[in-house]
$ cat structure_10.cif   # mmCIF, C-alpha atoms
data_protein
loop_
_atom_site.label_atom_id
_atom_site.label_comp_id
_atom_site.auth_asym_id
_atom_site.auth_seq_id
_atom_site.Cartn_x
_atom_site.Cartn_y
_atom_site.Cartn_z
CA MET A 272 120.44 80.37 148.01
CA SER A 273 122.20 81.95 145.03
CA SER A 274 121.48 85.47 143.79
CA ARG A 275 119.67 84.04 140.79
CA GLU A 276 117.44 81.89 142.97
CA GLN A 277 116.72 84.84 145.27
CA ILE A 278 115.69 87.01 142.32
CA LEU A 279 113.45 84.29 140.88
CA ALA A 280 111.88 83.63 144.30
CA SER A 281 111.24 87.35 144.75
CA ILE A 282 109.62 87.59 141.32
CA LYS A 283 107.46 84.56 142.05
CA ALA A 284 106.40 85.93 145.44
CA ASN A 285 105.47 89.32 143.98
CA LYS A 286 103.75 88.04 140.87
CA PRO A 287 100.47 89.92 140.39
CA SER A 288 97.27 87.94 140.04
CA LEU A 289 95.76 87.58 136.61
CA ILE A 290 93.11 90.07 135.61
CA GLU A 291 90.45 89.70 132.97
CA LEU A 292 91.06 91.42 129.66
CA SER A 293 88.93 94.45 128.87
CA LYS A 294 85.95 93.94 126.62
CA ILE A 295 86.39 95.79 123.32
CA ASP A 296 83.39 96.77 121.24
CA LYS A 297 84.47 95.79 117.71
CA GLU A 298 81.73 97.95 116.25
CA LEU A 299 83.74 101.03 117.23
CA PHE A 300 86.31 100.05 114.61
CA VAL A 301 83.93 99.42 111.71
CA SER A 302 84.35 102.04 109.03
CA ASP A 303 83.23 102.59 105.47
CA ILE A 304 86.56 104.18 104.48
CA ASP A 305 87.97 102.94 101.17
CA LEU A 306 91.44 101.96 102.39
CA GLN A 307 92.93 101.66 98.89
CA ALA A 308 91.72 105.13 97.93
CA GLN A 309 93.00 106.54 101.23
CA PHE A 310 96.40 104.88 100.72
CA LYS A 311 96.63 106.24 97.15
CA LYS A 312 95.73 109.73 98.38
CA MET A 313 98.46 109.58 101.04
CA VAL A 314 101.12 108.30 98.62
CA GLU A 315 100.24 110.95 96.03
CA GLY A 316 100.24 113.61 98.76
CA LEU A 317 103.86 112.69 99.45
CA GLY A 318 104.78 112.98 95.76
CA GLY A 319 104.49 109.31 94.84
CA ASN A 320 102.23 107.66 92.32
CA LEU A 321 100.34 104.39 92.15
CA GLY A 322 98.88 102.40 89.34
CA ALA A 323 97.51 98.96 88.65
CA LEU A 324 99.65 96.59 86.61
CA ASP A 325 98.41 93.55 84.77
CA SER A 326 101.55 91.45 84.58
CA ARG A 327 105.05 90.86 85.89
CA ASP A 328 106.51 92.09 82.60
CA GLU A 329 104.55 95.33 82.84
CA PHE A 330 105.89 95.75 86.37
CA ILE A 331 109.50 95.34 85.23
CA LEU A 332 108.98 97.68 82.27
CA ASN A 333 107.64 100.33 84.63
CA LEU A 334 110.69 99.95 86.88
CA ILE A 335 112.97 100.39 83.88
CA LYS A 336 111.03 103.51 82.79
CA LEU A 337 111.32 104.96 86.29
CA PHE A 338 115.08 104.37 86.44
CA PRO A 339 116.30 104.45 82.82
CA THR A 340 119.93 105.21 83.66
CA ALA A 341 120.31 102.54 86.35
CA ASN A 342 123.01 100.06 85.47
CA LYS A 343 122.53 97.95 88.62
CA ASN A 344 119.11 96.84 89.75
CA TYR A 345 117.58 95.11 92.73
CA SER A 346 114.11 94.99 94.18
CA TYR A 347 112.71 93.10 97.16
CA VAL A 348 109.50 92.55 95.21
CA ILE A 349 109.30 88.84 94.33
CA GLU A 350 107.69 89.55 90.96
CA ALA A 351 110.76 91.59 89.94
CA SER A 352 113.18 88.67 89.98
CA GLY A 353 114.03 89.09 86.27
CA PHE A 354 114.92 92.72 86.95
CA HIS A 355 117.86 91.99 89.27
CA SER A 356 121.41 92.53 88.19
CA ILE A 357 122.66 91.87 91.74
CA ASP A 358 122.32 88.53 93.51
CA ILE A 359 121.62 89.54 97.11
CA SER A 360 122.33 86.00 98.35
CA GLU A 361 126.00 86.50 97.40
CA ILE A 362 126.37 89.48 99.74
CA GLN A 363 128.25 88.43 102.88
CA ARG A 364 128.78 91.80 104.58
CA PRO A 365 126.84 95.07 104.37
CA HIS A 366 129.66 96.98 102.66
CA GLU A 367 129.69 94.52 99.76
CA LEU A 368 126.27 95.73 98.68
CA GLU A 369 127.45 99.33 98.70
CA GLU A 370 130.57 98.35 96.76
CA ARG A 371 128.48 96.60 94.10
CA LEU A 372 126.02 99.47 93.82
CA MET A 373 128.53 102.29 93.63
CA PRO A 374 129.93 103.00 90.16
#
$ encode --input "structure_10.cif" --output "structure tokens"
Amino acid sequence: MSSREQILASIKANKPSLIELSKIDKELFVSDIDLQAQFKKMVEGLGGNLGALDSRDEFILNLIKLFPTANKNYSYVIEASGFHSIDISEIQRPHELEERLMP
């Protein structure tokens, strides 16, 4: 018997029996917390800000206002596709992104 077979046989022989999962009372996790308000409070507490936007164009305009001196732009947000000045699909190695972003 090979080492591999011995290890597998040992694992199979010492396999614990299945046990029933614990019962969890879902009512313990019901809460009346406003998650959006809590998230906004946490972001603002860290110095960030949140706001509702009505359109993709408004989103892009806000990005431009936030970073007025940026000459190279990229965002992972799908709605920001018109904002990109870098095509991430062209990046083949990590350092290329840095090279394109650095002035």
$ atom_distance --input "structure_10.cif" --atom1 "atom CA of Asp303 of chain A" --atom2 "atom CA of Gly319 of chain A"
24.7 Å
$ residues_around --input "structure_10.cif" --residues "Gln307 of chain A" --least-positions-apart "4" --cutoff "12 Å" --atoms "only C-alpha atoms" --output "PyMOL selection string"
chain A and resi 303+311-314+321-323
$ resolve_selection --input "structure_10.cif" --expression "the PyMOL selection byres ((chain A and resi 342) around 12)" --output "ChimeraX atom specification"
/A:335,338-341,343-345,354-357,371-374
$ axis_aligned_box --input "structure_10.cif" --around "segment 289-304 of chain A" --padding-each-side "6 Å" --output "lines of an AutoDock Vina configuration file"
center_x = 88.7
center_y = 95.9
center_z = 120.5
size_x = 26.0
size_y = 28.6
size_z = 44.1
$ atom_distance --input "structure_10.cif" --atom1 "atom CA of Phe310 of chain A" --atom2 "atom CA of Leu332 of chain A"
23.5 Å
$ atom_distance --input "structure_10.cif" --atom1 "atom CA of Ser326 of chain A" --atom2 "atom CA of Asp358 of chain A"
22.8 Å
